[in-house]
Amino acid sequence: MATVTAEPNPPRLSPWAAPTATGPVTATVRLPGSKSMTARALILSALADGPSVIERPLRARDTELMSAGLRAIGVAVDTAGEERWQVEPGPLRGPARVDVGLAGTIMRFLPPVAALADGTVEFDGDPHARKRPMGPIVEALRSLGVVIDSSPTGGLPLTVRGSGLVEGGEVVIDASASSQFVSGLLLSAPRFGKGLVLRHEGPPVPSAPHLRMTTHMLRAAGAVVDESVPDVWTVEPGALRGRTWVIEPDLSGAAPFFAAAMVTGGSVTLAGWPSGRSPGLGGPAESWQPVGQVIELLRGLGAAVTLDESGLTVRGTGELHGITASLSELSELTPVIAALAALADGPSELRGVEHIRGHETDRIAALATELGKVGAAVTEFRDGLRVEPRPLHAASFETYADHRMAHAAAVIGLAVPGISLTDVACTSKTLPEFPELWAGLVARS
Ligand SMILES: O=C(O)C1=C[C@@H](OP(=O)(O)O)[C@@H](O)[C@H](O)C1
Ligand SMILES: C=C(OP(=O)(O)O)C(=O)O
């Protein structure tokens, strides 16, 4: 049986004292590629009719495990190159075992690919991965004729018993718990015999920009996609083209670094932002990440933001305002925004993110507990948080194996001496070099 060899176990705990800034953090940061774009590029390349190249990918636990999972089912993924990965599709086959780690992108994007394989593919992951919602995508695949054994909750561990083809057709899903249910089905849909008509019924699908990223990238690979009817996506059956993907720097991964500029009155530039000339990927206005919404949010919190040839620059103005906002579209940024809210000059209400209770941890509960521990007054709602700043103090901040909880703690630590993280190694999920990068940046403040 083909098994995953890349880092099968969760990283070991690594307690960490968050460095406190002594002056403005001013730096240009070069971050690796977007996690979400790298994941999609890997899947689309694996399903293509020829080889692909992925330039400037993210090399982190989520994408290493995704590559290993694809290798286990017959795709040649060469990740030896620092800046350039190569993917050579092959016949998809089991038996295989896939370790999803704690990655939503793997547990939701790979089972539909496994459904196209000939043979059984078993999926499991970190302890908390078993708690993340999977039911709707498992049910959708079953209704398309795919045989899946799953736990009674519909979640991990599960086994996909692929027959080598998926007929496809029409399916209704409630994707209010994660946009990744929709993205996962759409990414494999061109390879379904009849394609796919996917209709969402239920409360709104969160993280809409990630859905747009999925449809943009599908089209860039040659798929015919219609999303003109709200909550309905149609993907025609057809071949996907191998191509060169140029991955943009990770905007979500940049959030704590931007926050550092805002908290310390400094300036952080994210370099390598796509210029007008990057192949097929458009200029800054055409980024496949929600840069416009991020800029608007950071401005609302008091930052000055510019986007030009040198990159995306966020400057602290000495003012950090509380905000009332729905973070539904930028939900993965909630921990860092909540940390900023705890350091702001007035209260904030961050709503519209009930589904982040199903992220790497229950982020609403975790933020309420940990921000409360450092001294903020926090009210927990079903779908978000109210954060009232108070004088903050030293504390041990639990990270819950969640990279973005670690980012939130690091941001608080810039302004509050004595913040220690129970674990910083969890940042390896999306940026293994986070502790060194962050310490280097703060040391120069
Ligand atoms: O498709 C993707 O790459 C992602 C979609 C979002 O998931 P949810 O819709 O579950 O929030 C986001 O939070 C996650 O970090 C990445
Ligand atoms: C929600 C996140 O990740 P995942 O892709 O594992 O869902 C995240 O990175 O904030």
# chains A, B, ... in the order shown; residues from 1 in each chain; ligands from 1

call {"tool": "select_by_dssp", "arguments": {"residues": "stretch 166-285 of chain A", "states": "helix (DSSP H, G or I)", "output": "PyMOL selection string"}}
result
chain A and resi 180-191+208-220+251-264+284-285

call {"tool": "write_last_selection", "arguments": {"atoms": "C-alpha atoms", "output": "PDB file, in the first residue's frame"}}
result
ATOM      1  CA  GLN A 180     -13.977  24.069   0.978  1.00  0.00           C
ATOM      2  CA  PHE A 181     -16.830  21.594   0.421  1.00  0.00           C
ATOM      3  CA  VAL A 182     -17.724  23.508  -2.733  1.00  0.00           C
ATOM      4  CA  SER A 183     -14.113  24.093  -3.825  1.00  0.00           C
ATOM      5  CA  GLY A 184     -13.208  20.439  -3.299  1.00  0.00           C
ATOM      6  CA  LEU A 185     -16.044  19.184  -5.507  1.00  0.00           C
ATOM      7  CA  LEU A 186     -15.528  21.826  -8.205  1.00  0.00           C
ATOM      8  CA  LEU A 187     -11.783  21.186  -8.561  1.00  0.00           C
ATOM      9  CA  SER A 188     -12.316  17.535  -9.520  1.00  0.00           C
ATOM     10  CA  ALA A 189     -15.565  18.080 -11.425  1.00  0.00           C
ATOM     11  CA  PRO A 190     -14.092  18.497 -14.949  1.00  0.00           C
ATOM     12  CA  ARG A 191     -12.977  14.862 -14.659  1.00  0.00           C
ATOM     13  CA  ALA A 208     -16.503  33.693  -0.823  1.00  0.00           C
ATOM     14  CA  PRO A 209     -13.090  34.909  -2.085  1.00  0.00           C
ATOM     15  CA  HIS A 210     -11.817  31.341  -1.834  1.00  0.00           C
ATOM     16  CA  LEU A 211     -14.660  30.194  -4.088  1.00  0.00           C
ATOM     17  CA  ARG A 212     -13.692  32.830  -6.632  1.00  0.00           C
ATOM     18  CA  MET A 213     -10.077  31.650  -6.422  1.00  0.00           C
ATOM     19  CA  THR A 214     -11.303  28.131  -7.223  1.00  0.00           C
ATOM     20  CA  THR A 215     -13.306  29.157 -10.270  1.00  0.00           C
ATOM     21  CA  HIS A 216     -10.524  31.486 -11.555  1.00  0.00           C
ATOM     22  CA  MET A 217      -7.969  28.712 -11.288  1.00  0.00           C
ATOM     23  CA  LEU A 218     -10.283  26.117 -12.848  1.00  0.00           C
ATOM     24  CA  ARG A 219     -10.779  28.428 -15.837  1.00  0.00           C
ATOM     25  CA  ALA A 220      -7.047  29.075 -16.047  1.00  0.00           C
ATOM     26  CA  LEU A 251      -1.773  37.356   1.927  1.00  0.00           C
ATOM     27  CA  SER A 252      -3.266  35.598   4.968  1.00  0.00           C
ATOM     28  CA  GLY A 253       0.195  34.584   6.130  1.00  0.00           C
ATOM     29  CA  ALA A 254       1.206  38.238   5.818  1.00  0.00           C
ATOM     30  CA  ALA A 255      -1.515  39.405   8.208  1.00  0.00           C
ATOM     31  CA  PRO A 256       0.516  39.117  11.449  1.00  0.00           C
ATOM     32  CA  PHE A 257       3.396  41.000   9.812  1.00  0.00           C
ATOM     33  CA  PHE A 258       1.064  43.810   8.742  1.00  0.00           C
ATOM     34  CA  ALA A 259      -0.341  43.785  12.270  1.00  0.00           C
ATOM     35  CA  ALA A 260       3.215  44.264  13.592  1.00  0.00           C
ATOM     36  CA  ALA A 261       3.488  47.505  11.637  1.00  0.00           C
ATOM     37  CA  MET A 262       0.128  48.644  12.967  1.00  0.00           C
ATOM     38  CA  VAL A 263       0.822  47.831  16.611  1.00  0.00           C
ATOM     39  CA  THR A 264       4.286  49.440  16.676  1.00  0.00           C
ATOM     40  CA  PRO A 284      -2.427  43.795  -8.354  1.00  0.00           C
ATOM     41  CA  ALA A 285      -6.075  44.595  -9.034  1.00  0.00           C
TER      42      ALA A 285
END

call {"tool": "closest_atom_pairs", "arguments": {"of": "chain A", "to": "ligand 2", "cutoff": "7 Å", "atoms": "only C-alpha atoms and all ligand atoms", "output": "Markdown table"}}
result
| residue | atom | partner | partner_atom_place_in_ligand_line | distance |
| --- | --- | --- | --- | --- |
| A:Leu102 | CA | ligand 2 | 6 (O) | 5.8 |
| A:Ala103 | CA | ligand 2 | 6 (O) | 3.6 |
| A:Gly104 | CA | ligand 2 | 6 (O) | 3.5 |
| A:Thr105 | CA | ligand 2 | 5 (O) | 4.6 |
| A:Glu332 | CA | ligand 2 | 10 (O) | 4.2 |
| A:His359 | CA | ligand 2 | 1 (C) | 4.9 |
| A:Glu360 | CA | ligand 2 | 6 (O) | 6.1 |
| A:Arg404 | CA | ligand 2 | 10 (O) | 6.2 |

call {"tool": "write_last_selection", "arguments": {"atoms": "C-alpha atoms", "output": "PDB file, in the first residue's frame"}}
result
ATOM      1  CA  LEU A 102      -4.875  19.353  10.197  1.00  0.00           C
ATOM      2  CA  ALA A 103      -5.393  20.728   6.692  1.00  0.00           C
ATOM      3  CA  GLY A 104      -8.918  21.552   5.563  1.00  0.00           C
ATOM      4  CA  THR A 105      -7.640  21.846   2.006  1.00  0.00           C
ATOM      5  CA  GLU A 332      -9.152  32.985   8.476  1.00  0.00           C
ATOM      6  CA  HIS A 359     -11.391  25.515  11.878  1.00  0.00           C
ATOM      7  CA  GLU A 360      -8.095  24.190  13.324  1.00  0.00           C
ATOM      8  CA  ARG A 404      -3.316  31.505  13.513  1.00  0.00           C
TER       9      ARG A 404
END

call {"tool": "closest_residue", "arguments": {"among": "A:Ala341, A:Leu158, A:Val53, A:Leu333", "to": "ligand 1", "atoms": "only C-alpha atoms and all ligand atoms"}}
result
A:Leu333

call {"tool": "closest_atom_pairs", "arguments": {"of": "stretch 9-123 of chain A", "to": "stretch 221-244 of chain A", "cutoff": "6 Å", "atoms": "only C-alpha atoms", "output": "Markdown table"}}
result
| residue | atom | partner | partner_atom | distance |
| --- | --- | --- | --- | --- |
| A:Ser45 | CA | A:Gly242 | CA | 5.9 |
| A:Ala48 | CA | A:Leu240 | CA | 4.5 |
| A:Asp49 | CA | A:Arg241 | CA | 5.6 |
| A:Gly50 | CA | A:Gly242 | CA | 4.8 |
| A:Pro51 | CA | A:Gly242 | CA | 5.1 |
| A:Ser52 | CA | A:Gly242 | CA | 4.7 |
| A:Val53 | CA | A:Thr244 | CA | 4.7 |
| A:Ile54 | CA | A:Thr244 | CA | 5.9 |

call {"tool": "residues_around", "arguments": {"residues": "A:Phe434", "least_positions_apart": "3", "cutoff": "12 Å", "atoms": "only C-alpha atoms", "output": "short mmCIF file (atom, residue, chain, number, x, y, z; two decimals) with N, CA and C atoms, in the first residue's frame"}}
result
data_model
loop_
_atom_site.label_atom_id
_atom_site.label_comp_id
_atom_site.auth_asym_id
_atom_site.auth_seq_id
_atom_site.Cartn_x
_atom_site.Cartn_y
_atom_site.Cartn_z
N TRP A 16 7.30 28.99 23.56
CA TRP A 16 8.01 30.14 22.94
C TRP A 16 7.66 31.43 23.68
N ALA A 18 7.13 35.16 23.33
CA ALA A 18 6.90 36.10 22.22
C ALA A 18 7.75 37.36 22.46
N VAL A 29 9.11 42.19 3.86
CA VAL A 29 9.11 40.74 4.06
C VAL A 29 8.84 40.03 2.73
N ARG A 30 9.57 38.94 2.55
CA ARG A 30 9.33 38.08 1.39
C ARG A 30 8.74 36.80 1.93
N LEU A 31 7.49 36.57 1.64
CA LEU A 31 6.83 35.39 2.18
C LEU A 31 6.63 34.37 1.07
N PRO A 32 6.56 33.09 1.43
CA PRO A 32 6.29 32.08 0.40
C PRO A 32 4.88 32.20 -0.16
N ALA A 60 5.23 24.09 3.21
CA ALA A 60 4.81 24.07 4.62
C ALA A 60 4.10 22.74 4.84
N GLY A 253 -1.03 34.77 5.35
CA GLY A 253 0.20 34.58 6.13
C GLY A 253 0.87 35.91 6.44
N ALA A 254 0.59 36.92 5.61
CA ALA A 254 1.21 38.24 5.82
C ALA A 254 0.50 39.03 6.92
N PRO A 256 -0.15 38.74 10.20
CA PRO A 256 0.52 39.12 11.45
C PRO A 256 1.64 40.13 11.23
N PHE A 257 2.31 40.06 10.08
CA PHE A 257 3.40 41.00 9.81
C PHE A 257 2.84 42.41 9.59
N HIS A 403 -2.08 27.45 13.98
CA HIS A 403 -1.08 28.44 13.54
C HIS A 403 -1.56 29.87 13.71
N ARG A 404 -2.87 30.10 13.46
CA ARG A 404 -3.32 31.51 13.51
C ARG A 404 -3.58 31.97 14.95
N ALA A 406 -1.40 31.13 17.19
CA ALA A 406 -0.01 31.51 17.49
C ALA A 406 0.28 32.91 16.94
N HIS A 407 -0.22 33.21 15.75
CA HIS A 407 -0.02 34.56 15.19
C HIS A 407 -0.65 35.61 16.11
N ALA A 410 1.47 36.19 19.11
CA ALA A 410 2.69 36.93 18.78
C ALA A 410 2.40 38.42 18.63
N VAL A 424 4.83 27.05 19.44
CA VAL A 424 4.95 27.87 18.24
C VAL A 424 5.17 26.99 17.00
N ALA A 425 5.47 25.70 17.24
CA ALA A 425 5.74 24.80 16.10
C ALA A 425 4.50 24.61 15.23
N CYS A 426 3.32 24.89 15.78
CA CYS A 426 2.10 24.75 14.98
C CYS A 426 2.09 25.71 13.79
N THR A 427 2.95 26.74 13.82
CA THR A 427 3.01 27.66 12.67
C THR A 427 3.56 26.97 11.42
N SER A 428 4.13 25.76 11.62
CA SER A 428 4.67 25.04 10.45
C SER A 428 3.55 24.64 9.48
N LYS A 429 2.30 24.73 9.94
CA LYS A 429 1.19 24.39 9.04
C LYS A 429 1.24 25.24 7.76
N THR A 430 1.57 26.51 7.92
CA THR A 430 1.59 27.38 6.74
C THR A 430 2.86 28.21 6.59
N LEU A 431 3.71 28.26 7.63
CA LEU A 431 4.94 29.06 7.52
C LEU A 431 5.95 28.58 8.55
N LEU A 437 11.57 34.36 11.49
CA LEU A 437 11.24 35.59 10.75
C LEU A 437 10.73 36.67 11.71
N TRP A 438 9.84 36.23 12.60
CA TRP A 438 9.19 37.17 13.53
C TRP A 438 10.23 37.73 14.50
N ALA A 439 11.06 36.83 15.06
CA ALA A 439 12.06 37.28 16.04
C ALA A 439 13.03 38.25 15.37
N GLY A 440 13.41 37.94 14.12
CA GLY A 440 14.36 38.81 13.41
C GLY A 440 13.77 40.19 13.19
N LEU A 441 12.51 40.21 12.84
CA LEU A 441 11.81 41.48 12.57
C LEU A 441 11.72 42.33 13.84
#

call {"tool": "closest_residue", "arguments": {"among": "A:Gly154, A:Pro204, A:Gly302, A:Gly94", "to": "ligand 1", "atoms": "only C-alpha atoms and all ligand atoms"}}
result
A:Pro204

call {"tool": "closest_residue", "arguments": {"among": "A:Glu398, A:Ile412, A:Ile295, A:Ile356", "to": "A:Val336", "atoms": "only C-alpha atoms"}}
result
A:Ile412

call {"tool": "closest_residue", "arguments": {"among": "A:Glu201, A:Asp362, A:Glu319, A:Glu170", "to": "ligand 1", "atoms": "only C-alpha atoms and all ligand atoms"}}
result
A:Asp362

call {"tool": "select_by_dssp", "arguments": {"residues": "stretch 17-187 of chain A", "states": "strand (DSSP E or B)", "output": "PyMOL selection string"}}
result
chain A and resi 17+26-29+33+52-55+76-78+84-88+93+96-99+118-124+147-150+158-163+169-173

call {"tool": "write_last_selection", "arguments": {"atoms": "N, CA and C atoms", "output": "short mmCIF file (atom, residue, chain, number, x, y, z; two decimals), in the first residue's frame"}}
result
data_model
loop_
_atom_site.label_atom_id
_atom_site.label_comp_id
_atom_site.auth_asym_id
_atom_site.auth_seq_id
_atom_site.Cartn_x
_atom_site.Cartn_y
_atom_site.Cartn_z
N ALA A 17 8.67 32.22 23.96
CA ALA A 17 8.43 33.54 24.56
C ALA A 17 8.28 34.54 23.42
N THR A 26 9.88 47.96 11.14
CA THR A 26 9.92 48.46 9.77
C THR A 26 10.71 47.47 8.93
N ALA A 27 10.07 46.88 7.95
CA ALA A 27 10.74 45.82 7.19
C ALA A 27 10.03 45.55 5.88
N THR A 28 10.79 44.95 4.97
CA THR A 28 10.20 44.36 3.76
C THR A 28 10.26 42.86 3.96
N VAL A 29 9.11 42.19 3.86
CA VAL A 29 9.11 40.74 4.06
C VAL A 29 8.84 40.03 2.73
N GLY A 33 4.59 31.33 -1.10
CA GLY A 33 3.34 31.42 -1.84
C GLY A 33 2.10 31.13 -1.00
N SER A 52 2.83 19.93 -15.25
CA SER A 52 2.70 21.33 -14.82
C SER A 52 3.90 21.72 -13.98
N VAL A 53 4.09 23.03 -13.86
CA VAL A 53 5.13 23.58 -13.00
C VAL A 53 4.45 24.55 -12.04
N ILE A 54 4.86 24.48 -10.78
CA ILE A 54 4.31 25.42 -9.79
C ILE A 54 5.46 26.29 -9.30
N GLU A 55 5.40 27.56 -9.66
CA GLU A 55 6.49 28.48 -9.27
C GLU A 55 6.15 29.21 -7.99
N ALA A 76 3.18 12.02 -9.84
CA ALA A 76 4.59 12.32 -9.56
C ALA A 76 4.69 13.81 -9.20
N VAL A 77 4.92 14.10 -7.92
CA VAL A 77 5.05 15.49 -7.48
C VAL A 77 6.48 15.68 -7.01
N ASP A 78 7.23 16.48 -7.72
CA ASP A 78 8.63 16.70 -7.39
C ASP A 78 8.76 18.05 -6.69
N ARG A 84 10.38 25.97 -7.49
CA ARG A 84 9.76 25.41 -8.68
C ARG A 84 9.45 23.94 -8.43
N TRP A 85 8.18 23.61 -8.31
CA TRP A 85 7.78 22.21 -8.16
C TRP A 85 7.26 21.71 -9.52
N GLN A 86 7.40 20.40 -9.72
CA GLN A 86 6.93 19.83 -10.99
C GLN A 86 5.95 18.72 -10.71
N VAL A 87 4.89 18.70 -11.49
CA VAL A 87 3.84 17.70 -11.29
C VAL A 87 3.60 16.97 -12.60
N GLU A 88 3.70 15.65 -12.52
CA GLU A 88 3.47 14.80 -13.70
C GLU A 88 2.30 13.89 -13.37
N ARG A 93 -4.56 5.69 -8.51
CA ARG A 93 -4.85 4.33 -8.02
C ARG A 93 -4.62 4.19 -6.51
N ALA A 96 -4.06 3.18 -0.92
CA ALA A 96 -3.16 4.22 -0.42
C ALA A 96 -3.71 4.75 0.90
N ARG A 97 -2.81 5.33 1.67
CA ARG A 97 -3.20 6.01 2.91
C ARG A 97 -2.76 7.45 2.83
N VAL A 98 -3.63 8.36 3.22
CA VAL A 98 -3.30 9.79 3.15
C VAL A 98 -3.43 10.39 4.54
N ASP A 99 -2.36 11.06 4.97
CA ASP A 99 -2.38 11.81 6.23
C ASP A 99 -2.72 13.25 5.89
N ASP A 118 -8.59 4.24 -8.93
CA ASP A 118 -9.01 2.84 -8.95
C ASP A 118 -8.42 2.19 -7.71
N GLY A 119 -9.26 1.92 -6.71
CA GLY A 119 -8.76 1.31 -5.47
C GLY A 119 -9.17 2.13 -4.26
N THR A 120 -8.85 1.59 -3.08
CA THR A 120 -9.29 2.29 -1.87
C THR A 120 -8.23 3.27 -1.40
N VAL A 121 -8.71 4.42 -0.90
CA VAL A 121 -7.80 5.42 -0.33
C VAL A 121 -8.33 5.78 1.06
N GLU A 122 -7.46 5.56 2.07
CA GLU A 122 -7.85 5.84 3.46
C GLU A 122 -7.33 7.22 3.86
N PHE A 123 -8.18 7.97 4.55
CA PHE A 123 -7.81 9.31 5.01
C PHE A 123 -7.91 9.39 6.53
N ASP A 124 -6.89 9.97 7.15
CA ASP A 124 -6.96 10.30 8.57
C ASP A 124 -5.99 11.45 8.81
N VAL A 147 -18.49 5.34 -3.31
CA VAL A 147 -18.63 4.54 -2.09
C VAL A 147 -17.60 5.02 -1.07
N ILE A 148 -18.10 5.44 0.11
CA ILE A 148 -17.22 5.96 1.17
C ILE A 148 -17.61 5.34 2.49
N ASP A 149 -16.61 4.80 3.23
CA ASP A 149 -16.86 4.38 4.61
C ASP A 149 -16.37 5.54 5.48
N SER A 150 -17.24 5.99 6.40
CA SER A 150 -16.79 7.08 7.26
C SER A 150 -17.21 6.80 8.68
N LEU A 158 -11.83 8.23 7.13
CA LEU A 158 -12.74 7.70 6.11
C LEU A 158 -11.97 7.01 5.00
N THR A 159 -12.70 6.15 4.30
CA THR A 159 -12.09 5.40 3.19
C THR A 159 -12.93 5.61 1.94
N VAL A 160 -12.28 6.07 0.90
CA VAL A 160 -12.95 6.25 -0.39
C VAL A 160 -12.65 5.02 -1.24
N ARG A 161 -13.69 4.36 -1.69
CA ARG A 161 -13.51 3.14 -2.51
C ARG A 161 -13.76 3.49 -3.96
N GLY A 162 -12.74 4.04 -4.58
CA GLY A 162 -12.87 4.53 -5.96
C GLY A 162 -12.95 3.39 -6.96
N SER A 163 -13.70 3.65 -8.05
CA SER A 163 -13.81 2.63 -9.10
C SER A 163 -13.11 3.10 -10.36
N GLY A 169 -22.93 14.77 -12.24
CA GLY A 169 -24.34 15.12 -12.39
C GLY A 169 -24.70 16.23 -11.42
N GLU A 170 -25.93 16.14 -10.87
CA GLU A 170 -26.42 17.24 -10.02
C GLU A 170 -26.33 16.86 -8.56
N VAL A 171 -25.98 17.83 -7.72
CA VAL A 171 -25.93 17.55 -6.30
C VAL A 171 -26.27 18.82 -5.51
N VAL A 172 -26.96 18.62 -4.37
CA VAL A 172 -27.30 19.75 -3.48
C VAL A 172 -26.49 19.56 -2.21
N ILE A 173 -25.95 20.66 -1.70
CA ILE A 173 -25.08 20.59 -0.53
C ILE A 173 -25.36 21.78 0.38
#

call {"tool": "residues_around", "arguments": {"residues": "A:Ser178", "least_positions_apart": "3", "cutoff": "7 Å", "atoms": "only C-alpha atoms", "output": "list in words"}}
result
Ala175, Phe181, Val205, Pro206 and His355 of chain A

call {"tool": "write_last_selection", "arguments": {"atoms": "C-alpha atoms", "output": "CSV table (one decimal), in the first residue's frame"}}
result
chain,number,residue,atom,x,y,z
A,175,ALA,CA,-21.8,24.4,2.5
A,181,PHE,CA,-16.8,21.6,0.4
A,205,VAL,CA,-21.3,29.9,2.3
A,206,PRO,CA,-18.4,31.6,4.1
A,355,HIS,CA,-18.0,28.4,10.9

call {"tool": "closest_residue", "arguments": {"among": "A:Ser151, A:Ser348, A:Thr361, A:Ser14", "to": "ligand 1", "atoms": "only C-alpha atoms and all ligand atoms"}}
result
A:Thr361

call {"tool": "residues_around", "arguments": {"residues": "stretch 363-378 of chain A", "least_positions_apart": "6", "cutoff": "8 Å", "atoms": "only C-alpha atoms", "output": "PyMOL selection string"}}
result
chain A and resi 335+338-339+342+354+356-357+384-395+397-398+400+405

call {"tool": "write_last_selection", "arguments": {"atoms": "C-alpha atoms", "output": "compact mmCIF listing (two decimals), in the first residue's frame"}}
result
# COMPACT_ATOMS: atom_id res chain seq x y z
CA PRO A 335 -7.46 35.56 15.19
CA ALA A 338 -9.10 39.92 17.29
CA ALA A 339 -5.57 40.44 18.64
CA ALA A 342 -7.59 43.78 22.01
CA GLU A 354 -19.74 30.90 13.20
CA ILE A 356 -14.58 29.14 12.37
CA ARG A 357 -15.66 27.02 15.33
CA GLY A 384 -18.21 35.95 16.70
CA LEU A 385 -16.77 38.07 19.47
CA ARG A 386 -17.00 41.45 21.13
CA VAL A 387 -13.56 42.57 22.30
CA GLU A 388 -13.16 45.44 24.76
CA PRO A 389 -9.58 46.52 25.25
CA ARG A 390 -8.28 46.75 28.83
CA PRO A 391 -4.72 47.07 30.15
CA LEU A 392 -3.22 43.73 29.13
CA HIS A 393 -0.74 41.64 31.10
CA ALA A 394 1.67 38.71 30.87
CA ALA A 395 0.14 35.24 30.46
CA PHE A 397 -1.31 31.82 25.70
CA GLU A 398 -2.60 28.39 24.60
CA TYR A 400 -4.50 24.78 20.41
CA MET A 405 -3.83 31.42 17.30

call {"tool": "atom_distance", "arguments": {"atom1": "atom 16 (C, counted along the ligand's line) of ligand 1", "atom2": "atom CA of A:Leu42"}}
result
14.4 Å

call {"tool": "residues_around", "arguments": {"residues": "A:Gly292", "least_positions_apart": "2", "cutoff": "12 Å", "atoms": "only C-alpha atoms", "output": "list of chain:residue names"}}
result
A:Pro209, A:Leu251, A:Pro284, A:Ala285, A:Glu286, A:Ser287, A:Trp288, A:Gln289, A:Pro290, A:Val294, A:Ile295, A:Glu296, A:Leu297, A:Leu298, A:Arg299, A:Val305, A:Thr306, A:Leu307, A:Leu312, A:Glu329, A:Leu330

call {"tool": "write_last_selection", "arguments": {"atoms": "C-alpha atoms", "output": "short mmCIF file (atom, residue, chain, number, x, y, z; two decimals), in the first residue's frame"}}
result
data_model
loop_
_atom_site.label_atom_id
_atom_site.label_comp_id
_atom_site.auth_asym_id
_atom_site.auth_seq_id
_atom_site.Cartn_x
_atom_site.Cartn_y
_atom_site.Cartn_z
CA PRO A 209 -13.09 34.91 -2.08
CA LEU A 251 -1.77 37.36 1.93
CA PRO A 284 -2.43 43.79 -8.35
CA ALA A 285 -6.08 44.59 -9.03
CA GLU A 286 -6.45 41.10 -10.48
CA SER A 287 -4.87 39.22 -7.61
CA TRP A 288 -6.60 35.94 -6.91
CA GLN A 289 -6.51 36.71 -3.20
CA PRO A 290 -8.93 39.23 -1.63
CA VAL A 294 -7.89 43.13 3.28
CA ILE A 295 -6.83 46.71 2.50
CA GLU A 296 -10.27 48.02 3.44
CA LEU A 297 -10.26 46.09 6.72
CA LEU A 298 -6.79 47.24 7.74
CA ARG A 299 -7.65 50.85 6.87
CA VAL A 305 -2.05 51.01 3.08
CA THR A 306 -0.48 51.41 -0.35
CA LEU A 307 -0.08 49.02 -3.24
CA LEU A 312 1.80 45.93 -0.54
CA GLU A 329 -15.26 36.72 3.68
CA LEU A 330 -11.92 36.98 5.50
#

call {"tool": "closest_residue", "arguments": {"among": "A:Pro95, A:Gly69, A:Gly358, A:Pro347", "to": "ligand 1", "atoms": "only C-alpha atoms and all ligand atoms"}}
result
A:Gly358

call {"tool": "atom_distance", "arguments": {"atom1": "atom CA of A:Leu198", "atom2": "atom CA of A:Ser179"}}
result
12.5 Å
